[in-house]
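Novice: One structure coming up, written as structure tokens, with questions to follow.
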Amino acid sequence: MSLADQTQALLAKMGVSLDTIKGDFSVHSPIDGSQIASIGLNSTDNAAKIISDAKSAFTAWRKIPAPKRGELVRLLGEVLREHKDDLGSLVSIEVGKITAEGLGEVQEMIDICDFAVGLSRQLYGLTIASERPSHHMRETWHPLGVIGVISAFNFPVAVWSWNAALAWVCGNSVVWKPSEKTPLTALACQALFEKAAVKFAQSTGIAVPSGLSSLLIGEADVGNALVENHNISLVSATGSTRMGRTVAPKVAERFGKCLLELGGNNAMIVTPSADLELAVRAILFSAVGTAGQRCTTLRRLFIHNSIKDNVVERVKKSYASISIGNPMKGNLVGPLIDKESFNNMQKSIANAISEGGVVTGGERVLIDTYPDAYYVQPAIIEMPNQTDAVKNETFAPILYVMGYDDFKEVIELQNNVPQGLSSCIFSDSVRETEFFLSDEGSDCGIANVNIGTSGAEIGGAFGGEKETGGGRESGSDAWKNYMRRQTNTINYSLDLPLAQGISFD
């Protein structure tokens, strides 16, 4: 069965009405470059109507008690469990992820649904002591409005779920603009949500408002329409730093809120006391998983000079053993998303060579088997130091390797890049690991010990600092992004004392 036929069958199984999505926009699979669907796009005028409907849905949904809102998300988790294999397969076809990673991404969706259900009974505020007699203060949280989600191709469904599951239990509606490279997985998610909405209405007697979950399928003009619309209370945007520089000022101009998750350029430090077998395994997955197209992909590797040659030899041996090819046939590394990604990789390799880099790998492979797809041998580039090429993130499997002698200096090197998403250290020294996690250590939003840079769990807040954008999604108290804070002062006396002892008689 062709990839196109598999795609159509999976979409139909998940409830996507194929007749309603037909159009002139071609969708291709990176596995072999073939066209797997042709769909219609939203216009900017249509986007305005969808956002208006979402605003109406918000005004109705915010009245539903939060635990009841959590029930809808619980049912979505059930539907996702039923269709985990289907959606995971579609992710693999549309993005080129290996089967395990496609299924893993859907599991993240299930996990965030479970998290959000519990959260629906824990949207806690505060009780605050008042300086005035017979008064008390409290802090409460209220639904924010319409949440606009802009997602990238590399995690086409999980990032939406991180935002949507929390937004719904917090009382909001969601308008999702997926990457134009991965619209089919978005259509599938919307269909699965609608299945959950039907179950919710049947079990609770409460109709889910039309527009509570909406899609905007389109290119940059449609994304811009979402960003500039005053009815969008929060724009949660995942993508490149360049995209963030476009989105943030436009949202700020209308005094909207932004949650940005942008570039990574993540680093690992391997110290002399490290468990090298553990470190090499972590390097391999972190650097080549998803063909280097994760925001948390390991891109910079600092190794103490006393063990550098040993570690580099082990890493090269591991790289030589990985299987590259069709991600649905048991291989460990699938394709890059498209030709543009391949070209960017080659430009970055050329820049690194011009700055003294020595390259192993990096070439295109399987050209005869897949002439319209872009499979590559992951690249290891040994650099003389952290040059400009190293400081620029490339969304491809390029690992820059550098040596170091002084521990505090390598911390400074790790931090001396514009991005600040994920970082890690491999060491058995408590002094080194605790310093790495201290105020003087890693400046990233994620800092790990004896585990790689990628593979975050949903229980912790996900995001980073500097040009990564400063936003936090998923777990911990990231839910507060989707609500508005209100401070209340209640006077239960017959007097009217003023704060700060002011008398106004």
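Identifiers in this document derive from the order of the structure tokens: chains are assigned A, B, ..., residues are numbered from 1 separately in each chain, and ligands are numbered from 1 in order of occurrence.
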As a list of chain:residue names, please: the residues near Lys84 (chain A) (cut-off 8 Å, only C-alpha atoms, same-chain neighbours under 6 positions excluded).

Specialist: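 Everything that qualifies: A:Leu103, A:Val106, A:Gln107.
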
Novice: Hey, what's within 8 Å of Lys63 (chain A) if we count only C-alpha atoms and toss same-chain stuff fewer than 3 positions away? As an MDAnalysis selection string, please?

Specialist: chainID A and resid 59:60 171

Novice: Write out as a ChimeraX atom specification all residues of region 147-340 of chain A that DSSP puts in strand (DSSP E or B) for this structure's backbone.

Specialist: /A:147-150,173-177,213-215,232-238,257-261,266-270,298-304,324,333

Novice: Within 12 Å of Glu105 (chain A), counting only C-alpha atoms, which residues qualify if same-chain residues fewer than 3 places away don't, as a ChimeraX atom specification?

Specialist: /A:80,84-85,87-92,95,97-102,108-112,154-162,185,290,294,455-458

Novice: Using only C-alpha atoms, which of the listed residues (A:Leu260, A:Ile39, A:Val333, A:Ala57) sits closest to Thr246 (chain A)?

Specialist: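 The closest residue to Thr246 (chain A) is A:Leu260.
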
Novice: Name the closest residue to Leu336 (chain A) among the candidates A:Asn46, A:Gln386, A:Ser34, A:Gln377; distances are taken between atoms, counting only C-alpha atoms.

Specialist: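 Ranked by minimum distance to Leu336 (chain A), first place goes to A:Gln377.
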
Novice: Any chance you could tabulate, as a Markdown table, the residues of region 249-292 of chain A at most 7 Å from region 410-432 of chain A with each one's nearest atom pair and distance in Å to one decimal, using only C-alpha atoms, in chain and rising number order?

Specialist:
| residue | atom | partner | partner_atom | distance |
| --- | --- | --- | --- | --- |
| A:Gly263 | CA | A:Gln419 | CA | 6.2 |
| A:Gly264 | CA | A:Leu421 | CA | 5.0 |
| A:Asn265 | CA | A:Gln419 | CA | 6.2 |
| A:Asn266 | CA | A:Ser422 | CA | 5.2 |
| A:Ala267 | CA | A:Ser423 | CA | 5.0 |
| A:Met268 | CA | A:Cys424 | CA | 4.8 |
| A:Ile269 | CA | A:Ile425 | CA | 4.7 |
| A:Val270 | CA | A:Phe426 | CA | 4.9 |
| A:Thr271 | CA | A:Ser427 | CA | 5.5 |
| A:Ser273 | CA | A:Ser427 | CA | 5.3 |
| A:Ala274 | CA | A:Ser427 | CA | 4.1 |
| A:Ala279 | CA | A:Phe426 | CA | 6.4 |

Novice: For Ile64 (chain A), which of A:Leu123, A:Ala350, A:Ile21, A:Ile206 is the closest residue, counting only C-alpha atoms?

Specialist: A:Ile206

Novice: Which residues are close to Val251 (chain A), i.e. within 12 Å by only C-alpha atoms, leaving aside same-chain residues fewer than 6 positions away? Reply as a PyMOL selection string.

Specialist: chain A and resi 148+224-237+244-245+257-260

Novice: Using only N, CA and C atoms, please write the residues we just selected to a file, as a PDB file, in the first residue's frame.

Specialist:
ATOM      1  N   GLY A 148      -4.378  31.147  21.059  1.00  0.00           N
ATOM      2  CA  GLY A 148      -3.886  30.830  19.721  1.00  0.00           C
ATOM      3  C   GLY A 148      -2.627  30.001  19.822  1.00  0.00           C
ATOM      4  N   ASN A 224      -0.360  35.098  10.499  1.00  0.00           N
ATOM      5  CA  ASN A 224      -0.317  36.519  10.825  1.00  0.00           C
ATOM      6  C   ASN A 224      -1.695  37.026  11.244  1.00  0.00           C
ATOM      7  N   ALA A 225      -2.732  36.518  10.581  1.00  0.00           N
ATOM      8  CA  ALA A 225      -4.103  36.910  10.943  1.00  0.00           C
ATOM      9  C   ALA A 225      -4.422  36.506  12.376  1.00  0.00           C
ATOM     10  N   LEU A 226      -3.931  35.341  12.796  1.00  0.00           N
ATOM     11  CA  LEU A 226      -4.140  34.895  14.176  1.00  0.00           C
ATOM     12  C   LEU A 226      -3.367  35.789  15.144  1.00  0.00           C
ATOM     13  N   VAL A 227      -2.116  36.058  14.815  1.00  0.00           N
ATOM     14  CA  VAL A 227      -1.246  36.844  15.703  1.00  0.00           C
ATOM     15  C   VAL A 227      -1.791  38.251  15.930  1.00  0.00           C
ATOM     16  N   GLU A 228      -2.338  38.861  14.893  1.00  0.00           N
ATOM     17  CA  GLU A 228      -2.772  40.254  14.975  1.00  0.00           C
ATOM     18  C   GLU A 228      -4.203  40.417  15.466  1.00  0.00           C
ATOM     19  N   ASN A 229      -4.946  39.327  15.628  1.00  0.00           N
ATOM     20  CA  ASN A 229      -6.351  39.417  16.008  1.00  0.00           C
ATOM     21  C   ASN A 229      -6.498  39.746  17.494  1.00  0.00           C
ATOM     22  N   HIS A 230      -7.226  40.812  17.806  1.00  0.00           N
ATOM     23  CA  HIS A 230      -7.376  41.264  19.191  1.00  0.00           C
ATOM     24  C   HIS A 230      -8.186  40.296  20.045  1.00  0.00           C
ATOM     25  N   ASN A 231      -8.895  39.378  19.436  1.00  0.00           N
ATOM     26  CA  ASN A 231      -9.651  38.391  20.201  1.00  0.00           C
ATOM     27  C   ASN A 231      -8.782  37.238  20.699  1.00  0.00           C
ATOM     28  N   ILE A 232      -7.536  37.188  20.271  1.00  0.00           N
ATOM     29  CA  ILE A 232      -6.617  36.160  20.746  1.00  0.00           C
ATOM     30  C   ILE A 232      -5.907  36.701  21.989  1.00  0.00           C
ATOM     31  N   SER A 233      -6.219  36.126  23.127  1.00  0.00           N
ATOM     32  CA  SER A 233      -5.664  36.634  24.392  1.00  0.00           C
ATOM     33  C   SER A 233      -4.216  36.217  24.598  1.00  0.00           C
ATOM     34  N   LEU A 234      -3.871  35.012  24.162  1.00  0.00           N
ATOM     35  CA  LEU A 234      -2.510  34.497  24.302  1.00  0.00           C
ATOM     36  C   LEU A 234      -2.110  33.804  23.013  1.00  0.00           C
ATOM     37  N   VAL A 235      -0.930  34.132  22.508  1.00  0.00           N
ATOM     38  CA  VAL A 235      -0.360  33.412  21.371  1.00  0.00           C
ATOM     39  C   VAL A 235       0.766  32.540  21.904  1.00  0.00           C
ATOM     40  N   SER A 236       0.585  31.235  21.817  1.00  0.00           N
ATOM     41  CA  SER A 236       1.632  30.284  22.185  1.00  0.00           C
ATOM     42  C   SER A 236       2.269  29.794  20.897  1.00  0.00           C
ATOM     43  N   ALA A 237       3.506  30.218  20.645  1.00  0.00           N
ATOM     44  CA  ALA A 237       4.154  29.951  19.352  1.00  0.00           C
ATOM     45  C   ALA A 237       5.432  29.147  19.541  1.00  0.00           C
ATOM     46  N   GLY A 244       9.856  33.902  16.119  1.00  0.00           N
ATOM     47  CA  GLY A 244       9.533  34.576  17.366  1.00  0.00           C
ATOM     48  C   GLY A 244       9.744  36.070  17.290  1.00  0.00           C
ATOM     49  N   ARG A 245      10.767  36.486  16.547  1.00  0.00           N
ATOM     50  CA  ARG A 245      11.025  37.923  16.395  1.00  0.00           C
ATOM     51  C   ARG A 245       9.926  38.604  15.581  1.00  0.00           C
ATOM     52  N   LYS A 257      -0.681  38.687  25.009  1.00  0.00           N
ATOM     53  CA  LYS A 257       0.322  37.903  25.723  1.00  0.00           C
ATOM     54  C   LYS A 257       0.944  36.876  24.790  1.00  0.00           C
ATOM     55  N   CYS A 258       2.224  36.587  25.045  1.00  0.00           N
ATOM     56  CA  CYS A 258       2.966  35.619  24.238  1.00  0.00           C
ATOM     57  C   CYS A 258       3.552  34.531  25.127  1.00  0.00           C
ATOM     58  N   LEU A 259       3.558  33.324  24.607  1.00  0.00           N
ATOM     59  CA  LEU A 259       4.301  32.221  25.195  1.00  0.00           C
ATOM     60  C   LEU A 259       5.159  31.667  24.062  1.00  0.00           C
ATOM     61  N   LEU A 260       6.466  31.894  24.132  1.00  0.00           N
ATOM     62  CA  LEU A 260       7.358  31.544  23.023  1.00  0.00           C
ATOM     63  C   LEU A 260       8.269  30.379  23.399  1.00  0.00           C
TER      64      LEU A 260
END
